[in-house]
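Asks: Structure file final_16.cif, mmCIF, N, CA and C atoms, is pasted below:
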```cif
data_data
loop_
_atom_site.group_PDB
_atom_site.id
_atom_site.type_symbol
_atom_site.label_atom_id
_atom_site.label_comp_id
_atom_site.auth_asym_id
_atom_site.auth_seq_id
_atom_site.Cartn_x
_atom_site.Cartn_y
_atom_site.Cartn_z
ATOM 1 N N MET O 11 52.041 103.467 318.725
ATOM 2 C CA MET O 11 52.617 104.209 319.826
ATOM 3 C C MET O 11 51.517 104.827 320.697
ATOM 4 N N PHE O 12 50.640 105.653 320.113
ATOM 5 C CA PHE O 12 49.522 106.244 320.854
ATOM 6 C C PHE O 12 48.225 105.673 320.320
ATOM 7 N N ASP O 13 47.273 105.431 321.234
ATOM 8 C CA ASP O 13 45.949 105.051 320.748
ATOM 9 C C ASP O 13 45.196 106.328 320.363
ATOM 10 N N THR O 14 44.016 106.173 319.830
ATOM 11 C CA THR O 14 43.246 107.308 319.321
ATOM 12 C C THR O 14 42.964 108.344 320.405
ATOM 13 N N LYS O 15 42.588 107.908 321.580
ATOM 14 C CA LYS O 15 42.278 108.834 322.682
ATOM 15 C C LYS O 15 43.518 109.623 323.089
ATOM 16 N N GLU O 16 44.659 108.969 323.164
ATOM 17 C CA GLU O 16 45.904 109.657 323.522
ATOM 18 C C GLU O 16 46.281 110.685 322.454
ATOM 19 N N LYS O 17 46.086 110.350 321.189
ATOM 20 C CA LYS O 17 46.362 111.300 320.106
ATOM 21 C C LYS O 17 45.461 112.524 320.216
ATOM 22 N N GLU O 18 44.203 112.301 320.541
ATOM 23 C CA GLU O 18 43.275 113.420 320.715
ATOM 24 C C GLU O 18 43.703 114.325 321.862
ATOM 25 N N LEU O 19 44.159 113.746 322.961
ATOM 26 C CA LEU O 19 44.613 114.539 324.109
ATOM 27 C C LEU O 19 45.859 115.344 323.775
ATOM 28 N N VAL O 20 46.780 114.750 323.023
ATOM 29 C CA VAL O 20 47.995 115.463 322.612
ATOM 30 C C VAL O 20 47.621 116.628 321.696
ATOM 31 N N LEU O 21 46.738 116.389 320.745
ATOM 32 C CA LEU O 21 46.298 117.446 319.835
ATOM 33 C C LEU O 21 45.609 118.568 320.608
ATOM 34 N N GLU O 22 44.761 118.213 321.571
ATOM 35 C CA GLU O 22 44.068 119.214 322.382
ATOM 36 C C GLU O 22 45.069 120.047 323.184
ATOM 37 N N ALA O 23 46.077 119.407 323.752
ATOM 38 C CA ALA O 23 47.093 120.128 324.525
ATOM 39 C C ALA O 23 47.869 121.084 323.629
ATOM 40 N N LYS O 24 48.217 120.644 322.429
ATOM 41 C CA LYS O 24 48.954 121.513 321.499
ATOM 42 C C LYS O 24 48.089 122.693 321.064
ATOM 43 N N THR O 25 46.808 122.440 320.846
ATOM 44 C CA THR O 25 45.896 123.515 320.470
ATOM 45 C C THR O 25 45.818 124.560 321.570
ATOM 46 N N LEU O 26 45.705 124.102 322.817
ATOM 47 C CA LEU O 26 45.658 125.035 323.940
ATOM 48 C C LEU O 26 46.963 125.798 324.091
ATOM 49 N N GLN O 27 48.085 125.150 323.838
ATOM 50 C CA GLN O 27 49.385 125.823 323.916
ATOM 51 C C GLN O 27 49.447 126.969 322.915
ATOM 52 N N LEU O 28 48.789 126.827 321.781
ATOM 53 C CA LEU O 28 48.749 127.896 320.780
ATOM 54 C C LEU O 28 47.723 128.967 321.143
ATOM 55 N N ALA O 29 46.591 128.548 321.692
ATOM 56 C CA ALA O 29 45.493 129.475 321.944
ATOM 57 C C ALA O 29 45.713 130.357 323.170
ATOM 58 N N ILE O 30 46.289 129.823 324.221
ATOM 59 C CA ILE O 30 46.435 130.577 325.471
ATOM 60 C C ILE O 30 47.241 131.860 325.296
ATOM 61 N N PRO O 31 48.411 131.843 324.639
ATOM 62 C CA PRO O 31 49.121 133.113 324.447
ATOM 63 C C PRO O 31 48.330 134.116 323.604
ATOM 64 N N GLN O 32 47.532 133.623 322.652
ATOM 65 C CA GLN O 32 46.709 134.519 321.839
ATOM 66 C C GLN O 32 45.622 135.163 322.683
ATOM 67 N N TYR O 33 45.028 134.392 323.582
ATOM 68 C CA TYR O 33 44.019 134.957 324.484
ATOM 69 C C TYR O 33 44.649 136.007 325.398
ATOM 70 N N ARG O 34 45.834 135.748 325.898
ATOM 71 C CA ARG O 34 46.513 136.725 326.767
ATOM 72 C C ARG O 34 46.788 138.019 326.010
ATOM 73 N N MET O 35 47.291 137.890 324.765
ATOM 74 C CA MET O 35 47.574 139.076 323.964
ATOM 75 C C MET O 35 46.277 139.829 323.672
ATOM 76 N N HIS O 36 45.244 139.114 323.310
ATOM 77 C CA HIS O 36 43.962 139.736 323.009
ATOM 78 C C HIS O 36 43.404 140.455 324.233
ATOM 79 N N THR O 37 43.559 139.851 325.396
ATOM 80 C CA THR O 37 43.085 140.476 326.633
ATOM 81 C C THR O 37 43.798 141.803 326.876
ATOM 82 N N GLN O 38 45.102 141.824 326.701
ATOM 83 C CA GLN O 38 45.856 143.062 326.900
ATOM 84 C C GLN O 38 45.442 144.134 325.888
ATOM 85 N N LEU O 39 45.291 143.743 324.627
ATOM 86 C CA LEU O 39 44.842 144.696 323.607
ATOM 87 C C LEU O 39 43.449 145.225 323.919
ATOM 88 N N PHE O 40 42.573 144.344 324.340
ATOM 89 C CA PHE O 40 41.205 144.728 324.677
ATOM 90 C C PHE O 40 41.197 145.709 325.850
ATOM 91 N N ASP O 41 41.930 145.373 326.906
ATOM 92 C CA ASP O 41 41.997 146.259 328.076
ATOM 93 C C ASP O 41 42.541 147.632 327.696
ATOM 94 N N ASN O 42 43.567 147.656 326.849
ATOM 95 C CA ASN O 42 44.141 148.928 326.403
ATOM 96 C C ASN O 42 43.133 149.729 325.578
ATOM 97 N N ALA O 43 42.352 149.032 324.758
ATOM 98 C CA ALA O 43 41.404 149.713 323.876
ATOM 99 C C ALA O 43 40.259 150.370 324.646
ATOM 100 N N ILE O 44 39.822 149.764 325.738
ATOM 101 C CA ILE O 44 38.682 150.342 326.461
ATOM 102 C C ILE O 44 39.086 151.265 327.607
ATOM 103 N N GLU O 45 40.378 151.334 327.868
ATOM 104 C CA GLU O 45 40.854 152.180 328.966
ATOM 105 C C GLU O 45 40.508 153.650 328.710
ATOM 106 N N ASN O 46 40.003 154.306 329.723
ATOM 107 C CA ASN O 46 39.704 155.737 329.711
ATOM 108 C C ASN O 46 38.565 156.143 328.780
ATOM 109 N N ILE O 47 37.712 155.227 328.380
ATOM 110 C CA ILE O 47 36.536 155.588 327.594
ATOM 111 C C ILE O 47 35.379 155.773 328.571
ATOM 112 N N SER O 48 34.794 156.944 328.543
ATOM 113 C CA SER O 48 33.695 157.226 329.476
ATOM 114 C C SER O 48 32.446 156.459 329.056
ATOM 115 N N GLY O 49 31.558 156.256 330.013
ATOM 116 C CA GLY O 49 30.290 155.599 329.725
ATOM 117 C C GLY O 49 29.482 156.344 328.681
ATOM 118 N N PHE O 50 29.551 157.661 328.728
ATOM 119 C CA PHE O 50 28.836 158.493 327.758
ATOM 120 C C PHE O 50 29.400 158.282 326.351
ATOM 121 N N ASP O 51 30.726 158.359 326.229
ATOM 122 C CA ASP O 51 31.355 158.182 324.912
ATOM 123 C C ASP O 51 31.188 156.769 324.368
ATOM 124 N N ALA O 52 31.145 155.797 325.265
ATOM 125 C CA ALA O 52 31.034 154.396 324.839
ATOM 126 C C ALA O 52 29.711 154.094 324.156
ATOM 127 N N LEU O 53 28.715 154.934 324.376
ATOM 128 C CA LEU O 53 27.402 154.707 323.769
ATOM 129 C C LEU O 53 27.133 155.587 322.550
ATOM 130 N N LYS O 54 28.108 156.384 322.135
ATOM 131 C CA LYS O 54 27.946 157.239 320.959
ATOM 132 C C LYS O 54 27.979 156.392 319.688
ATOM 133 N N ARG O 55 27.150 156.783 318.730
ATOM 134 C CA ARG O 55 27.120 156.143 317.416
ATOM 135 C C ARG O 55 27.372 157.215 316.363
ATOM 136 N N ILE O 56 28.206 156.918 315.394
ATOM 137 C CA ILE O 56 28.484 157.871 314.326
ATOM 138 C C ILE O 56 27.259 157.944 313.421
ATOM 139 N N ASN O 57 26.697 159.121 313.298
ATOM 140 C CA ASN O 57 25.511 159.353 312.460
ATOM 141 C C ASN O 57 24.351 158.409 312.769
ATOM 142 N N ASP O 58 24.328 157.868 313.957
ATOM 143 C CA ASP O 58 23.263 156.948 314.390
ATOM 144 C C ASP O 58 23.100 155.723 313.490
ATOM 145 N N VAL O 59 24.165 155.348 312.779
ATOM 146 C CA VAL O 59 24.074 154.168 311.908
ATOM 147 C C VAL O 59 25.124 153.109 312.230
ATOM 148 N N THR O 60 26.118 153.453 313.009
ATOM 149 C CA THR O 60 27.151 152.478 313.354
ATOM 150 C C THR O 60 26.846 151.845 314.711
ATOM 151 N N ASN O 61 27.523 150.770 315.008
ATOM 152 C CA ASN O 61 27.435 150.185 316.343
ATOM 153 C C ASN O 61 28.222 151.053 317.307
ATOM 154 N N HIS O 62 27.729 151.192 318.532
ATOM 155 C CA HIS O 62 28.505 151.946 319.515
ATOM 156 C C HIS O 62 29.601 151.049 320.103
ATOM 157 N N PHE O 63 30.500 151.698 320.824
ATOM 158 C CA PHE O 63 31.681 150.995 321.344
ATOM 159 C C PHE O 63 31.287 149.876 322.303
ATOM 160 N N VAL O 64 30.255 150.071 323.093
ATOM 161 C CA VAL O 64 29.825 149.026 324.034
ATOM 162 C C VAL O 64 29.398 147.777 323.262
ATOM 163 N N TRP O 65 28.655 147.964 322.166
ATOM 164 C CA TRP O 65 28.240 146.807 321.365
ATOM 165 C C TRP O 65 29.454 146.110 320.767
ATOM 166 N N MET O 66 30.409 146.882 320.227
ATOM 167 C CA MET O 66 31.600 146.273 319.621
ATOM 168 C C MET O 66 32.393 145.480 320.661
ATOM 169 N N ALA O 67 32.552 146.043 321.841
ATOM 170 C CA ALA O 67 33.284 145.344 322.903
ATOM 171 C C ALA O 67 32.522 144.092 323.336
ATOM 172 N N GLY O 68 31.216 144.213 323.487
ATOM 173 C CA GLY O 68 30.409 143.062 323.874
ATOM 174 C C GLY O 68 30.444 141.957 322.837
ATOM 175 N N ASN O 69 30.440 142.327 321.570
ATOM 176 C CA ASN O 69 30.527 141.337 320.499
ATOM 177 C C ASN O 69 31.872 140.611 320.549
ATOM 178 N N MET O 70 32.940 141.349 320.836
ATOM 179 C CA MET O 70 34.261 140.716 320.946
ATOM 180 C C MET O 70 34.301 139.749 322.125
ATOM 181 N N VAL O 71 33.740 140.141 323.241
ATOM 182 C CA VAL O 71 33.708 139.263 324.412
ATOM 183 C C VAL O 71 32.878 138.011 324.108
ATOM 184 N N ASN O 72 31.738 138.190 323.455
ATOM 185 C CA ASN O 72 30.897 137.056 323.095
ATOM 186 C C ASN O 72 31.642 136.086 322.179
ATOM 187 N N THR O 73 32.422 136.628 321.246
ATOM 188 C CA THR O 73 33.224 135.793 320.352
ATOM 189 C C THR O 73 34.275 135.017 321.130
ATOM 190 N N ARG O 74 34.865 135.638 322.143
ATOM 191 C CA ARG O 74 35.851 134.936 322.985
ATOM 192 C C ARG O 74 35.213 133.767 323.721
ATOM 193 N N TYR O 75 34.004 133.968 324.224
ATOM 194 C CA TYR O 75 33.293 132.858 324.867
ATOM 195 C C TYR O 75 33.057 131.734 323.867
ATOM 196 N N TRP O 76 32.620 132.090 322.673
ATOM 197 C CA TRP O 76 32.342 131.093 321.639
ATOM 198 C C TRP O 76 33.601 130.280 321.331
ATOM 199 N N LEU O 77 34.727 130.977 321.138
ATOM 200 C CA LEU O 77 35.984 130.276 320.861
ATOM 201 C C LEU O 77 36.424 129.423 322.054
ATOM 202 N N ALA O 78 36.258 129.941 323.250
ATOM 203 C CA ALA O 78 36.619 129.177 324.446
ATOM 204 C C ALA O 78 35.774 127.909 324.549
ATOM 205 N N ASN O 79 34.499 128.008 324.197
ATOM 206 C CA ASN O 79 33.633 126.822 324.220
ATOM 207 C C ASN O 79 34.132 125.765 323.250
ATOM 208 N N ILE O 80 34.614 126.187 322.090
ATOM 209 C CA ILE O 80 35.181 125.248 321.120
ATOM 210 C C ILE O 80 36.395 124.536 321.711
ATOM 211 N N LEU O 81 37.152 125.251 322.534
ATOM 212 C CA LEU O 81 38.348 124.685 323.156
ATOM 213 C C LEU O 81 38.033 123.882 324.418
ATOM 214 N N GLY O 82 36.755 123.777 324.771
ATOM 215 C CA GLY O 82 36.376 122.939 325.901
ATOM 216 C C GLY O 82 35.996 123.682 327.161
ATOM 217 N N VAL O 83 36.084 124.996 327.177
ATOM 218 C CA VAL O 83 35.668 125.773 328.347
ATOM 219 C C VAL O 83 34.142 125.785 328.384
ATOM 220 N N GLU O 84 33.573 125.565 329.545
ATOM 221 C CA GLU O 84 32.116 125.450 329.649
ATOM 222 C C GLU O 84 31.430 126.718 330.147
ATOM 223 N N ASP O 85 32.165 127.789 330.356
ATOM 224 C CA ASP O 85 31.558 129.043 330.800
ATOM 225 C C ASP O 85 30.676 129.617 329.695
ATOM 226 N N THR O 86 29.688 130.411 330.099
ATOM 227 C CA THR O 86 28.817 131.058 329.123
ATOM 228 C C THR O 86 28.846 132.568 329.317
ATOM 229 N N ASP O 87 28.626 133.277 328.240
ATOM 230 C CA ASP O 87 28.592 134.735 328.273
ATOM 231 C C ASP O 87 27.321 135.177 328.986
ATOM 232 N N PRO O 88 27.444 135.945 330.070
ATOM 233 C CA PRO O 88 26.244 136.397 330.773
ATOM 234 C C PRO O 88 25.385 137.345 329.934
ATOM 235 N N ASN O 89 25.957 137.881 328.860
ATOM 236 C CA ASN O 89 25.223 138.792 327.975
ATOM 237 C C ASN O 89 24.964 138.173 326.605
ATOM 238 N N ASP O 90 24.923 136.865 326.562
ATOM 239 C CA ASP O 90 24.778 136.148 325.296
ATOM 240 C C ASP O 90 23.547 136.593 324.503
ATOM 241 N N GLU O 91 22.453 136.850 325.180
ATOM 242 C CA GLU O 91 21.215 137.231 324.473
ATOM 243 C C GLU O 91 21.370 138.519 323.667
ATOM 244 N N LEU O 92 22.280 139.380 324.080
ATOM 245 C CA LEU O 92 22.493 140.635 323.357
ATOM 246 C C LEU O 92 23.350 140.459 322.105
ATOM 247 N N PHE O 93 24.171 139.401 322.058
ATOM 248 C CA PHE O 93 25.181 139.302 321.004
ATOM 249 C C PHE O 93 25.174 138.010 320.200
ATOM 250 N N LYS O 94 24.488 136.975 320.669
ATOM 251 C CA LYS O 94 24.587 135.665 320.009
ATOM 252 C C LYS O 94 24.093 135.720 318.565
ATOM 253 N N ASP O 95 24.625 134.806 317.779
ATOM 254 C CA ASP O 95 24.221 134.661 316.380
ATOM 255 C C ASP O 95 24.390 135.957 315.582
ATOM 256 N N ALA O 96 25.442 136.706 315.874
ATOM 257 C CA ALA O 96 25.747 137.967 315.168
ATOM 258 C C ALA O 96 24.569 138.948 315.228
ATOM 259 N N ARG O 97 23.930 138.976 316.380
ATOM 260 C CA ARG O 97 22.783 139.861 316.568
ATOM 261 C C ARG O 97 23.199 141.323 316.400
ATOM 262 N N ALA O 98 22.385 142.077 315.693
ATOM 263 C CA ALA O 98 22.654 143.493 315.459
ATOM 264 C C ALA O 98 22.387 144.303 316.722
ATOM 265 N N LEU O 99 22.933 145.495 316.752
ATOM 266 C CA LEU O 99 22.708 146.415 317.866
ATOM 267 C C LEU O 99 21.218 146.731 317.975
ATOM 268 N N ASP O 100 20.713 146.663 319.182
ATOM 269 C CA ASP O 100 19.328 147.023 319.460
ATOM 270 C C ASP O 100 19.359 148.327 320.248
ATOM 271 N N PRO O 101 18.972 149.435 319.628
ATOM 272 C CA PRO O 101 19.044 150.735 320.313
ATOM 273 C C PRO O 101 18.233 150.800 321.603
ATOM 274 N N LYS O 102 17.273 149.911 321.759
ATOM 275 C CA LYS O 102 16.425 149.908 322.962
ATOM 276 C C LYS O 102 16.944 149.006 324.067
ATOM 277 N N ALA O 103 17.963 148.192 323.757
ATOM 278 C CA ALA O 103 18.498 147.239 324.743
ATOM 279 C C ALA O 103 19.365 147.952 325.773
ATOM 280 N N ASN O 104 19.457 147.363 326.948
ATOM 281 C CA ASN O 104 20.346 147.864 327.996
ATOM 282 C C ASN O 104 21.631 147.038 327.941
ATOM 283 N N TYR O 105 22.676 147.634 327.437
ATOM 284 C CA TYR O 105 23.959 146.961 327.311
ATOM 285 C C TYR O 105 24.787 147.153 328.581
ATOM 286 N N PRO O 106 25.659 146.199 328.897
ATOM 287 C CA PRO O 106 26.500 146.344 330.099
ATOM 288 C C PRO O 106 27.496 147.482 329.928
ATOM 289 N N GLU O 107 27.944 148.017 331.027
ATOM 290 C CA GLU O 107 28.952 149.079 330.985
ATOM 291 C C GLU O 107 30.311 148.484 330.692
ATOM 292 N N LEU O 108 31.184 149.309 330.117
ATOM 293 C CA LEU O 108 32.575 148.886 329.942
ATOM 294 C C LEU O 108 33.248 148.868 331.289
ATOM 295 N N GLY O 109 34.170 147.982 331.478
ATOM 296 C CA GLY O 109 34.910 147.952 332.728
ATOM 297 C C GLY O 109 36.005 146.918 332.676
ATOM 298 N N ILE O 110 37.051 147.189 333.423
ATOM 299 C CA ILE O 110 38.179 146.251 333.476
ATOM 300 C C ILE O 110 38.143 145.576 334.824
#
```
Do you think you could lay out the structure here as structure tokens?
Replies:
Amino acid sequence: MFDTKEKELVLEAKTLQLAIPQYRMHTQLFDNAIENISGFDALKRINDVTNHFVWMAGNMVNTRYWLANILGVEDTDPNDELFKDARALDPKANYPELGI
């Protein structure tokens, strides 16, 4: 009925049908989570040993790019150098500001 290429396209379409609503939900949750957090508060670390909120948000965004790349999206994270390969927080790095 379908050749191999057609089967791959059908599987890819079904995968995207599952992934797109999850990305939309994640986007809404993410936007809600960062709403009303000041730039000052976003850089606070508990006892100077935890990651600050900006790093956590950046890591989540970097993960979204990684997953999107698996799904065929060719965009790249403009802040990849700060977060790639599960890179730890660098207290000396200049992280991007939170923003919607």
Asks: Would you mind reading off the distance between atom CA of O:Trp65 and atom CA of O:Ala98, one decimal, in Å?
Replies: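 Taking atom CA of O:Trp65 as the start and atom CA of O:Ala98 as the end point, the length is 8.8 Å.
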Asks: When the PyMOL selection byres ((chain O and resi 56-64) around 8) is applied to the file above, which residues end up in the set, as a compact mmCIF listing (two decimals) with N, CA and C atoms, keeping the file's coordinate frame?
Replies:
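Result went into part_34.txt, see below:
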```txt
# COMPACT_ATOMS: atom_id res chain seq x y z
N ASP O 51 30.73 158.36 326.23
CA ASP O 51 31.36 158.18 324.91
C ASP O 51 31.19 156.77 324.37
N ALA O 52 31.14 155.80 325.26
CA ALA O 52 31.03 154.40 324.84
C ALA O 52 29.71 154.09 324.16
N LEU O 53 28.72 154.93 324.38
CA LEU O 53 27.40 154.71 323.77
C LEU O 53 27.13 155.59 322.55
N LYS O 54 28.11 156.38 322.14
CA LYS O 54 27.95 157.24 320.96
C LYS O 54 27.98 156.39 319.69
N ARG O 55 27.15 156.78 318.73
CA ARG O 55 27.12 156.14 317.42
C ARG O 55 27.37 157.22 316.36
N TRP O 65 28.66 147.96 322.17
CA TRP O 65 28.24 146.81 321.36
C TRP O 65 29.45 146.11 320.77
N MET O 66 30.41 146.88 320.23
CA MET O 66 31.60 146.27 319.62
C MET O 66 32.39 145.48 320.66
N ALA O 67 32.55 146.04 321.84
CA ALA O 67 33.28 145.34 322.90
C ALA O 67 32.52 144.09 323.34
N GLY O 68 31.22 144.21 323.49
CA GLY O 68 30.41 143.06 323.87
C GLY O 68 30.44 141.96 322.84
N ASN O 69 30.44 142.33 321.57
CA ASN O 69 30.53 141.34 320.50
C ASN O 69 31.87 140.61 320.55
N MET O 70 32.94 141.35 320.84
CA MET O 70 34.26 140.72 320.95
C MET O 70 34.30 139.75 322.12
N ALA O 98 22.38 142.08 315.69
CA ALA O 98 22.65 143.49 315.46
C ALA O 98 22.39 144.30 316.72
N LEU O 99 22.93 145.50 316.75
CA LEU O 99 22.71 146.42 317.87
C LEU O 99 21.22 146.73 317.98
N TYR O 105 22.68 147.63 327.44
CA TYR O 105 23.96 146.96 327.31
C TYR O 105 24.79 147.15 328.58
N PRO O 106 25.66 146.20 328.90
CA PRO O 106 26.50 146.34 330.10
C PRO O 106 27.50 147.48 329.93
N GLU O 107 27.94 148.02 331.03
CA GLU O 107 28.95 149.08 330.98
C GLU O 107 30.31 148.48 330.69
N LEU O 108 31.18 149.31 330.12
CA LEU O 108 32.58 148.89 329.94
C LEU O 108 33.25 148.87 331.29
```
Asks: Taking all atoms listed in the file into account, which of O:Asn104, O:Thr37, O:Leu81, O:Lys94 comes nearest O:Glu22?
Replies: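 Closest to O:Glu22, using all atoms listed in the file: O:Leu81.
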Asks: Would you work out the distance separating atom C of O:Glu91 from atom CA of O:Ala103, expressed in Å to one decimal?
Replies: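 Distance between the two atoms: 9.2 Å.
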Asks: As number ranges by chain, please: the residues near O:Leu21 (cut-off 12 Å, only C-alpha atoms, same-chain neighbours under 6 positions excluded).
Replies: O: 12, 14-15, 27-28, 81
Asks: One number please: atom CA of O:Pro88 to atom CA of O:His36, in Å, one decimal.
Replies: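 Taking atom CA of O:Pro88 and atom CA of O:His36, their separation equals 19.6 Å.
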Asks: Quick one: axis-aligned box around all listed atoms of stretch 38-53 of chain O, 3 Å on every side, centre and edge lengths in Å to one decimal, written as AutoDock Vina command-line options.
Replies:
```
--center_x 36.5 --center_y 150.2 --center_z 326.3 --size_x 24.7 --size_y 22.7 --size_z 13.5
```
